[in-house]
>>> print(open('final-v3.cif').read())   # mmCIF, C-alpha atoms and all ligand atoms
data_input
loop_
_atom_site.label_atom_id
_atom_site.label_comp_id
_atom_site.auth_asym_id
_atom_site.auth_seq_id
_atom_site.Cartn_x
_atom_site.Cartn_y
_atom_site.Cartn_z
CA MET A 1435 57.27 109.70 58.02
CA ASN A 1436 57.43 112.66 55.70
CA ILE A 1437 59.67 114.93 57.67
CA LYS A 1438 62.87 116.24 56.11
CA ILE A 1439 66.15 115.13 57.58
CA ASN A 1440 69.40 117.08 57.70
CA GLU A 1441 70.74 115.96 54.32
CA ASN A 1442 74.27 116.95 55.36
CA PHE A 1443 74.43 113.69 57.29
CA ASN A 1444 74.49 111.93 53.91
CA HIS A 1445 77.94 113.41 53.33
CA LEU A 1446 79.46 111.79 56.43
CA ALA A 1447 81.28 108.46 56.48
CA GLN A 1448 78.83 105.83 57.67
CA ASN A 1449 80.41 105.54 61.11
CA TYR A 1450 82.43 107.83 63.34
CA LEU A 1451 86.06 106.63 63.11
CA PHE A 1452 86.30 105.09 66.57
CA SER A 1453 82.85 103.50 66.26
CA GLU A 1454 83.99 101.87 63.02
CA ILE A 1455 87.09 100.50 64.73
CA ALA A 1456 85.02 99.21 67.67
CA LYS A 1457 82.65 97.53 65.21
CA ARG A 1458 85.48 95.75 63.40
CA VAL A 1459 87.12 94.65 66.66
CA LYS A 1460 83.79 93.32 67.95
CA ALA A 1461 83.28 91.32 64.76
CA TYR A 1462 86.78 89.86 65.14
CA THR A 1463 86.35 88.95 68.82
CA GLU A 1464 83.01 87.30 68.13
CA LYS A 1465 84.76 85.02 65.64
CA ASN A 1466 87.87 84.62 67.82
CA PRO A 1467 86.60 84.65 71.41
CA ASP A 1468 89.94 83.48 72.86
CA ALA A 1469 92.06 86.14 71.18
CA LYS A 1470 93.91 88.33 73.68
CA ILE A 1471 93.35 91.70 72.08
CA ILE A 1472 95.55 94.65 73.03
CA ARG A 1473 93.74 97.92 72.44
CA MET A 1474 95.90 100.80 71.29
CA GLY A 1475 93.31 102.42 69.06
CA ILE A 1476 91.18 105.11 70.66
CA GLY A 1477 93.14 107.25 73.12
CA ASP A 1478 91.31 105.98 76.16
CA VAL A 1479 93.19 106.04 79.45
CA THR A 1480 93.65 102.95 81.63
CA ARG A 1481 95.27 104.29 84.83
CA PRO A 1482 92.77 104.84 87.66
CA LEU A 1483 91.88 108.33 88.87
CA CYS A 1484 94.58 109.56 91.23
CA PRO A 1485 93.90 109.38 94.99
CA HIS A 1486 93.64 113.14 95.53
CA VAL A 1487 90.96 113.38 92.84
CA VAL A 1488 89.04 110.40 94.20
CA SER A 1489 88.99 111.82 97.69
CA ALA A 1490 87.74 115.23 96.44
CA MET A 1491 84.98 113.50 94.49
CA LYS A 1492 83.97 111.37 97.50
CA ASN A 1493 83.81 114.44 99.75
CA ALA A 1494 81.63 116.21 97.18
CA VAL A 1495 79.28 113.23 97.00
CA GLU A 1496 79.02 113.33 100.81
CA GLU A 1497 78.11 117.02 100.58
CA MET A 1498 75.41 116.22 98.05
CA GLY A 1499 73.97 113.70 100.52
CA LYS A 1500 73.34 116.30 103.26
CA ALA A 1501 70.53 118.84 103.25
CA GLU A 1502 72.79 121.69 104.36
CA SER A 1503 75.35 121.18 101.58
CA PHE A 1504 73.17 119.73 98.82
CA ARG A 1505 73.34 121.56 95.47
CA GLY A 1506 70.96 121.55 92.52
CA TYR A 1507 71.73 122.75 89.01
CA PRO A 1508 75.35 123.81 88.71
CA PRO A 1509 76.15 127.29 87.36
CA GLU A 1510 75.89 126.96 83.58
CA TYR A 1511 79.49 128.03 82.89
CA GLY A 1512 81.07 126.14 85.81
CA TYR A 1513 81.54 126.76 89.52
CA ASP A 1514 83.83 129.69 90.30
CA PHE A 1515 86.12 127.40 92.29
CA LEU A 1516 86.89 125.38 89.13
CA ARG A 1517 87.10 128.35 86.76
CA GLU A 1518 89.60 129.91 89.18
CA ALA A 1519 91.56 126.65 89.49
CA ILE A 1520 91.79 126.49 85.68
CA ALA A 1521 92.96 130.13 85.50
CA ALA A 1522 95.59 129.28 88.14
CA HIS A 1523 96.63 126.25 86.06
CA TYR A 1524 97.28 128.55 83.09
CA ALA A 1525 99.21 130.92 85.35
CA SER A 1526 101.39 127.99 86.51
CA PHE A 1527 102.91 127.88 83.02
CA GLY A 1528 103.00 131.63 82.55
CA VAL A 1529 99.77 132.20 80.62
CA THR A 1530 97.13 134.73 81.67
CA VAL A 1531 93.53 133.63 81.22
CA ALA A 1532 90.69 135.28 83.17
CA ALA A 1533 88.45 132.90 85.12
CA GLY A 1534 85.43 134.64 83.57
CA ASP A 1535 86.61 133.66 80.07
CA ILE A 1536 86.54 129.94 80.97
CA PHE A 1537 83.48 127.80 80.24
CA VAL A 1538 83.44 124.40 81.96
CA SER A 1539 81.90 121.54 79.98
CA ASP A 1540 81.71 117.77 79.74
CA GLY A 1541 84.78 117.61 77.51
CA ALA A 1542 86.71 119.10 74.63
CA LYS A 1543 85.11 116.77 72.08
CA SER A 1544 81.63 118.22 72.63
CA ASP A 1545 82.90 121.79 72.61
CA CYS A 1546 84.95 121.29 69.41
CA GLY A 1547 81.76 120.12 67.73
CA ASN A 1548 79.30 122.53 69.39
CA ILE A 1549 81.34 125.65 68.63
CA VAL A 1550 80.07 125.40 65.06
CA ASP A 1551 76.74 126.80 66.37
CA ILE A 1552 78.13 130.29 66.93
CA PHE A 1553 79.50 130.78 63.41
CA GLY A 1554 77.75 131.67 60.19
CA ASP A 1555 78.67 130.56 56.72
CA ASN A 1556 82.45 130.97 56.77
CA THR A 1557 85.12 128.93 55.05
CA ILE A 1558 86.35 126.36 57.55
CA TYR A 1559 90.02 125.40 57.24
CA ILE A 1560 90.89 122.02 58.72
CA PRO A 1561 94.31 120.36 58.73
CA ASP A 1562 94.50 116.88 57.21
CA PRO A 1563 95.08 114.49 58.98
CA VAL A 1564 93.25 115.62 62.08
CA TYR A 1565 90.93 114.63 64.94
CA PRO A 1566 87.76 113.67 63.00
CA VAL A 1567 85.32 115.66 65.14
CA TYR A 1568 86.23 118.96 63.44
CA MET A 1569 85.40 117.60 59.99
CA ASP A 1570 82.31 115.65 60.96
CA SER A 1571 80.69 118.47 62.91
CA ASN A 1572 81.23 120.98 60.09
CA ILE A 1573 79.93 118.49 57.52
CA MET A 1574 76.79 118.03 59.66
CA SER A 1575 76.27 121.79 59.54
CA GLY A 1576 76.84 121.97 55.79
CA ARG A 1577 79.85 124.26 56.05
CA THR A 1578 82.33 124.94 53.25
CA ILE A 1579 85.48 123.09 54.26
CA LYS A 1580 88.99 123.52 52.89
CA LEU A 1581 91.66 121.06 53.92
CA ILE A 1582 95.17 122.10 54.85
CA PRO A 1583 97.58 119.24 54.09
CA ALA A 1584 99.82 118.26 57.01
CA THR A 1585 102.59 116.18 55.52
CA VAL A 1586 106.06 114.80 56.17
CA GLU A 1587 107.38 117.78 54.16
CA ASN A 1588 105.89 120.38 56.51
CA GLY A 1589 106.59 118.28 59.60
CA PHE A 1590 102.80 117.78 60.01
CA LEU A 1591 102.69 121.44 61.06
CA PRO A 1592 101.11 123.37 58.18
CA MET A 1593 101.51 127.15 58.15
CA PRO A 1594 99.33 129.88 56.60
CA LYS A 1595 99.60 130.22 52.84
CA ALA A 1596 99.10 133.23 50.56
CA ASP A 1597 95.79 131.93 49.20
CA PHE A 1598 94.20 131.33 52.60
CA THR A 1599 91.24 133.65 53.11
CA THR A 1600 89.33 134.95 56.11
CA GLY A 1601 87.85 131.96 57.85
CA VAL A 1602 87.69 129.65 60.82
CA TYR A 1603 90.96 127.73 61.31
CA TYR A 1604 91.22 124.60 63.44
CA LEU A 1605 94.66 123.88 64.91
CA CYS A 1606 95.54 121.05 67.27
CA SER A 1607 98.86 121.15 69.12
CA PRO A 1608 100.32 118.83 70.32
CA ASN A 1609 98.60 117.25 67.39
CA ASN A 1610 96.22 114.37 67.36
CA PRO A 1611 97.13 112.12 65.52
CA THR A 1612 100.69 113.07 64.52
CA GLY A 1613 102.08 114.29 67.85
CA ALA A 1614 103.67 117.30 66.13
CA ALA A 1615 103.67 120.46 68.27
CA TYR A 1616 103.91 124.05 67.01
CA SER A 1617 106.72 126.26 68.32
CA ALA A 1618 105.96 129.70 69.74
CA GLU A 1619 107.27 131.32 66.52
CA GLN A 1620 104.99 129.19 64.37
CA LEU A 1621 101.96 129.96 66.53
CA GLN A 1622 102.85 133.64 66.40
CA THR A 1623 102.74 133.41 62.58
CA TRP A 1624 99.27 131.85 62.79
CA VAL A 1625 98.04 134.49 65.25
CA ASP A 1626 99.43 137.34 63.11
CA PHE A 1627 97.77 135.80 60.07
CA ALA A 1628 94.42 135.51 61.90
CA LEU A 1629 94.63 139.11 63.12
CA ASP A 1630 95.56 140.38 59.64
CA THR A 1631 92.74 138.51 57.88
CA GLY A 1632 90.08 138.83 60.59
CA SER A 1633 90.00 135.06 61.01
CA VAL A 1634 89.43 132.99 64.13
CA ILE A 1635 91.62 130.11 65.30
CA LEU A 1636 89.99 127.20 67.13
CA PHE A 1637 92.89 125.79 69.10
CA ASP A 1638 92.62 122.28 70.53
CA ALA A 1639 95.01 121.98 73.47
CA ALA A 1640 93.66 118.65 74.79
CA TYR A 1641 97.19 117.23 74.92
CA GLU A 1642 98.91 120.21 76.59
CA ALA A 1643 99.95 118.16 79.63
CA PHE A 1644 102.13 115.99 77.38
CA VAL A 1645 104.35 118.84 76.20
CA SER A 1646 107.88 118.05 77.32
CA ASP A 1647 109.86 120.71 75.43
CA ASP A 1648 109.36 124.45 75.07
CA SER A 1649 106.37 124.20 72.71
CA PRO A 1650 103.52 126.42 73.98
CA ARG A 1651 100.86 124.60 75.99
CA SER A 1652 98.29 127.22 75.12
CA ILE A 1653 97.77 129.55 72.18
CA TYR A 1654 97.42 132.36 74.73
CA ALA A 1655 101.17 132.05 75.33
CA VAL A 1656 101.37 134.01 72.07
CA PRO A 1657 100.68 137.79 72.13
CA GLY A 1658 97.49 138.76 70.33
CA ALA A 1659 95.87 135.31 70.59
CA GLU A 1660 93.19 136.63 72.94
CA LYS A 1661 91.88 138.71 70.02
CA CYS A 1662 91.67 135.84 67.52
CA ALA A 1663 91.56 132.44 69.25
CA ILE A 1664 89.26 130.12 71.15
CA GLU A 1665 90.93 127.28 73.06
CA PHE A 1666 89.61 123.85 74.05
CA ALA A 1667 91.15 121.76 76.81
CA SER A 1668 90.21 118.73 78.79
CA PHE A 1669 90.78 116.71 81.93
CA SER A 1670 90.41 113.49 79.89
CA LYS A 1671 94.04 112.90 79.08
CA THR A 1672 95.61 115.06 81.81
CA ALA A 1673 93.72 113.54 84.71
CA GLY A 1674 92.25 110.34 83.28
CA PHE A 1675 88.72 111.77 82.99
CA THR A 1676 87.67 109.98 79.78
CA GLY A 1677 84.93 108.26 81.77
CA THR A 1678 84.44 111.05 84.32
CA ARG A 1679 83.91 113.84 81.74
CA CYS A 1680 85.12 117.37 82.25
CA GLY A 1681 86.73 119.90 79.96
CA TYR A 1682 86.68 123.61 79.27
CA THR A 1683 86.71 126.19 76.54
CA VAL A 1684 88.27 129.62 76.73
CA VAL A 1685 86.48 132.35 74.80
CA PRO A 1686 88.30 135.58 75.67
CA ALA A 1687 86.26 138.73 76.26
CA ALA A 1688 88.54 140.52 73.77
CA LEU A 1689 87.53 138.21 70.91
CA LYS A 1690 85.06 140.00 68.63
CA ALA A 1691 83.53 139.51 65.19
CA GLY A 1692 82.89 143.13 64.23
CA ASP A 1693 81.26 144.52 67.37
CA THR A 1694 79.94 141.18 68.58
CA PRO A 1695 81.86 139.47 71.38
CA LEU A 1696 82.03 135.74 70.58
CA GLN A 1697 81.94 135.11 74.31
CA ALA A 1698 78.35 136.38 74.45
CA LEU A 1699 77.35 133.95 71.69
CA TRP A 1700 79.04 130.96 73.35
CA ALA A 1701 77.53 131.91 76.73
CA ARG A 1702 74.09 132.09 75.10
CA ARG A 1703 74.59 128.78 73.33
CA GLN A 1704 75.74 126.99 76.46
CA ALA A 1705 73.01 128.48 78.64
CA THR A 1706 70.43 127.17 76.19
CA LYS A 1707 71.78 123.77 75.25
CA PHE A 1708 73.99 122.68 78.15
CA ASN A 1709 73.14 122.19 81.80
CA GLY A 1710 76.57 122.11 83.37
CA VAL A 1711 78.87 119.49 84.86
CA SER A 1712 77.98 117.77 88.12
CA TYR A 1713 79.32 119.19 91.38
CA PRO A 1714 81.34 116.06 92.35
CA VAL A 1715 83.02 116.02 88.92
CA GLN A 1716 83.89 119.72 89.14
CA ARG A 1717 85.37 119.20 92.62
CA ALA A 1718 87.36 116.25 91.22
CA ALA A 1719 88.62 118.43 88.35
CA GLU A 1720 89.59 121.18 90.80
CA ALA A 1721 91.59 118.60 92.78
CA ALA A 1722 93.36 117.46 89.60
CA TYR A 1723 94.76 120.99 89.17
CA SER A 1724 95.84 121.34 92.81
CA GLN A 1725 99.56 120.95 93.46
CA GLU A 1726 99.16 117.49 94.97
CA GLY A 1727 96.60 116.32 92.41
CA LEU A 1728 98.62 117.50 89.45
CA ALA A 1729 101.76 115.80 90.77
CA GLN A 1730 99.80 112.54 90.96
CA CYS A 1731 98.32 113.06 87.47
CA MET A 1732 101.78 113.77 86.05
CA GLU A 1733 102.95 110.38 87.39
CA ASN A 1734 100.33 108.78 85.17
CA ILE A 1735 101.42 110.90 82.23
CA SER A 1736 105.04 109.81 82.75
CA TYR A 1737 103.82 106.23 82.84
CA TYR A 1738 102.10 106.66 79.45
CA MET A 1739 105.08 108.50 78.02
CA ASN A 1740 107.29 105.59 79.01
CA ASN A 1741 104.94 103.36 76.98
CA ALA A 1742 105.24 105.79 74.04
CA ALA A 1743 109.04 105.66 74.34
CA LEU A 1744 108.97 101.84 74.07
CA MET A 1745 106.98 102.08 70.84
CA ALA A 1746 109.23 104.84 69.48
CA GLU A 1747 112.26 102.66 70.26
CA LEU A 1748 110.79 99.83 68.21
CA MET A 1749 110.25 102.18 65.24
CA ARG A 1750 113.89 103.31 65.46
CA GLU A 1751 115.06 99.70 65.68
CA LYS A 1752 113.04 98.82 62.56
CA GLY A 1753 114.05 101.99 60.69
CA ILE A 1754 110.41 103.01 60.32
CA PHE A 1755 109.61 106.72 59.90
CA PHE A 1756 107.56 107.99 62.84
CA THR A 1757 106.55 111.14 64.70
CA GLY A 1758 105.12 111.62 68.19
CA GLY A 1759 106.27 109.58 71.13
CA LYS A 1760 107.25 112.88 72.74
CA ASN A 1761 104.88 115.81 73.44
CA SER A 1762 102.08 113.35 72.73
CA PRO A 1763 100.69 110.01 73.89
CA TYR A 1764 100.58 108.80 70.28
CA VAL A 1765 103.14 107.28 67.94
CA TRP A 1766 102.37 107.99 64.28
CA PHE A 1767 104.31 105.87 61.83
CA LYS A 1768 104.50 104.85 58.18
CA CYS A 1769 102.77 101.55 57.42
CA PRO A 1770 105.36 98.96 56.38
CA ASN A 1771 105.85 97.92 52.75
CA GLY A 1772 103.67 100.73 51.40
CA MET A 1773 100.52 99.16 52.85
CA ASP A 1774 97.37 101.25 53.06
CA SER A 1775 96.33 101.98 56.61
CA TRP A 1776 93.08 99.95 56.79
CA SER A 1777 94.90 96.89 55.35
CA PHE A 1778 97.57 97.35 58.00
CA PHE A 1779 94.82 97.67 60.62
CA ASP A 1780 93.46 94.28 59.51
CA LYS A 1781 96.91 92.71 59.45
CA LEU A 1782 97.71 93.97 62.95
CA LEU A 1783 94.38 92.78 64.29
CA THR A 1784 94.41 89.36 62.72
CA GLU A 1785 98.13 88.54 62.97
CA ALA A 1786 99.05 90.26 66.24
CA GLN A 1787 95.69 90.94 67.90
CA VAL A 1788 96.74 94.55 68.38
CA VAL A 1789 94.25 97.35 67.65
CA GLY A 1790 95.50 100.67 66.32
CA THR A 1791 94.00 103.53 64.33
CA PRO A 1792 94.42 103.73 60.54
CA GLY A 1793 95.81 107.07 59.42
CA ALA A 1794 93.20 107.34 56.65
CA GLY A 1795 90.57 107.70 59.38
CA PHE A 1796 92.05 111.12 60.16
CA GLY A 1797 91.94 112.32 56.55
CA ALA A 1798 93.28 111.52 53.10
CA CYS A 1799 96.78 112.80 53.96
CA GLY A 1800 96.86 110.25 56.79
CA GLU A 1801 96.70 107.38 54.29
CA GLY A 1802 99.77 105.14 54.57
CA PHE A 1803 100.23 106.04 58.24
CA PHE A 1804 99.10 104.40 61.45
CA ARG A 1805 98.57 105.62 65.03
CA LEU A 1806 99.23 103.69 68.23
CA SER A 1807 98.10 105.00 71.59
CA SER A 1808 100.29 104.73 74.67
CA PHE A 1809 97.34 104.69 77.07
CA ASN A 1810 97.40 100.94 77.72
CA SER A 1811 99.23 99.32 80.66
CA LEU A 1812 103.01 98.91 80.61
CA GLU A 1813 102.56 95.15 80.57
CA ASN A 1814 100.26 95.26 77.53
CA THR A 1815 102.44 97.81 75.76
CA LYS A 1816 105.50 95.57 76.18
CA GLU A 1817 103.52 92.63 74.87
CA ALA A 1818 102.23 94.69 71.92
CA VAL A 1819 105.77 95.82 71.08
CA GLU A 1820 106.90 92.19 71.01
CA ARG A 1821 104.00 91.21 68.76
CA LEU A 1822 104.67 94.19 66.48
CA ARG A 1823 108.36 93.34 66.29
CA GLY A 1824 107.30 90.07 64.72
CA ILE A 1825 105.29 91.61 61.92
CA LEU A 1826 106.94 94.95 61.15
C1 LIG B 1 91.46 109.77 70.10
O1 LIG B 1 91.72 108.59 70.20
O2 LIG B 1 91.75 110.45 69.10
C2 LIG B 1 90.76 110.43 71.22
O3 LIG B 1 90.73 109.61 72.33
C3 LIG B 1 89.39 110.71 70.86
C4 LIG B 1 88.82 111.70 71.80
O4 LIG B 1 89.51 112.32 72.59
O5 LIG B 1 87.61 111.92 71.67
#
>>> encode(input="final-v3.cif", output="structure tokens")
Amino acid sequence: MNIKINENFNHLAQNYLFSEIAKRVKAYTEKNPDAKIIRMGIGDVTRPLCPHVVSAMKNAVEEMGKAESFRGYPPEYGYDFLREAIAAHYASFGVTVAAGDIFVSDGAKSDCGNIVDIFGDNTIYIPDPVYPVYMDSNIMSGRTIKLIPATVENGFLPMPKADFTTGVYYLCSPNNPTGAAYSAEQLQTWVDFALDTGSVILFDAAYEAFVSDDSPRSIYAVPGAEKCAIEFASFSKTAGFTGTRCGYTVVPAALKAGDTPLQALWARRQATKFNGVSYPVQRAAEAAYSQEGLAQCMENISYYMNNAALMAELMREKGIFFTGGKNSPYVWFKCPNGMDSWSFFDKLLTEAQVVGTPGAGFGACGEGFFRLSSFNSLENTKEAVERLRGIL
């Protein structure tokens, strides 16, 4: 073939982080078929969908099976019932978001990557370490990227600096991978900075349901954010939808680049490239945000947070520096004895048969750190803690 490829792909790491981990674990299990592996790498949930959600999904499937209630293509931005349920969810923690500003999708990961389509050639500021999708999708589009170091010194919560220019700023709070969550004052500083410089903030709130202190669960808790921020959120971690797929992006009507409303661009992009989320999944998502559904989902979140607390306790016992374990389903800790994070990954896999995520996979500043997910079962988490105790 003589066609030209997108050369930007040559600048990516060979594999997406979690594909690389899966590849290494597969190679290990092929050689060690009897090994009882405990997976605490990718943040994939293990608790089943809660009963209220399951029953809503079943009812919706029944509707789809009858001529009088069958539905074809869903509305491209989501059914009104779900957009309104999401707006009501925001209102439940004191944040005003208009249903019309909400765009339902198959998950925050896709939207975090796809949002690149609506921007021109700006400088993209990305914290390091961070969820790898932001980096990879901007590399694919050949964007100019500047990294913002998130370090022990700044509590993994970098703030605007004097030399930061107008640009597109990704923030993730509670943070994946570090678990650090911005306070309202810190977010206000970011919003003021974005308004002053004419920048846009892309705020990933996928872990909002894990906030257990007074950290904002949405950037729209901060005055002025509707004029400078887009927010991504998801049912994956809140309601166990990693395999069910549903998320949403808020692009406020007030958000404009010059005279152009960004909402119009995102609406145009989605209408062209996305065909909506299935009716049964949207009914299930609506049920997850009902009073009964959310109470059931929060039981699962407490379950995971109990797992995180067991891991945090081990770190305290061993005197290992860590963050997360509260406000986040992840525990982020320093690799023992100054090990680099991929070497520690190998050690953990081969000596304890526990899979985690090397900090270097989230960026250069993540080197020397390691992330464990609390999304496994209590039984497996206890077992993993025992195995870790032996090698830490
Ligand atoms: C993670 O492990 O960082 C997440 O599960 C990845 C994702 O949400 O796509």
>>> residues_near_point(input="final-v3.cif", point="(97.8, 128.9, 72.4)", cutoff="12 Å", atoms="only C-alpha atoms", output="JSON, numbers by chain")
{"A": [1524, 1527, 1528, 1529, 1530, 1531, 1604, 1605, 1606, 1607, 1608, 1615, 1616, 1617, 1618, 1619, 1620, 1621, 1622, 1623, 1624, 1625, 1635, 1636, 1637, 1638, 1639, 1640, 1641, 1642, 1649, 1650, 1651, 1652, 1653, 1654, 1655, 1656, 1657, 1658, 1659, 1660, 1661, 1662, 1663, 1664, 1665, 1666, 1667, 1684]}
>>> closest_residue(input="final-v3.cif", among="A:Val1586, A:Ala1643, A:Ala1542, A:Val1789", to="ligand LIG 1 (chain B)", atoms="all atoms listed in the file")
A:Ala1542
>>> closest_residue(input="final-v3.cif", among="A:Ala1794, A:Ile1825, A:Leu1744, A:Ala1691", to="Pro1770 in chain A", atoms="only C-alpha atoms")
A:Ile1825
>>> closest_residue(input="final-v3.cif", among="A:Lys1816, A:Lys1543, A:Lys1760, A:Lys1690", to="ligand LIG 1 (chain B)", atoms="only C-alpha atoms and all ligand atoms")
A:Lys1543
>>> residues_around(input="final-v3.cif", residues="range 1784-1787 of chain A", least_positions_apart="2", cutoff="7 Å", atoms="only C-alpha atoms", output="compact mmCIF listing (two decimals) with C-alpha atoms, in the frame of the given file")
# COMPACT_ATOMS: atom_id res chain seq x y z
CA ALA A 1469 92.06 86.14 71.18
CA LYS A 1470 93.91 88.33 73.68
CA ILE A 1471 93.35 91.70 72.08
CA ILE A 1472 95.55 94.65 73.03
CA ASP A 1780 93.46 94.28 59.51
CA LYS A 1781 96.91 92.71 59.45
CA LEU A 1782 97.71 93.97 62.95
CA VAL A 1789 94.25 97.35 67.65
CA ARG A 1821 104.00 91.21 68.76
CA LEU A 1822 104.67 94.19 66.48
>>> atom_distance(input="final-v3.cif", atom1="CA of Ser1724 in chain A", atom2="CA of Val1488 in chain A")
13.0 Å
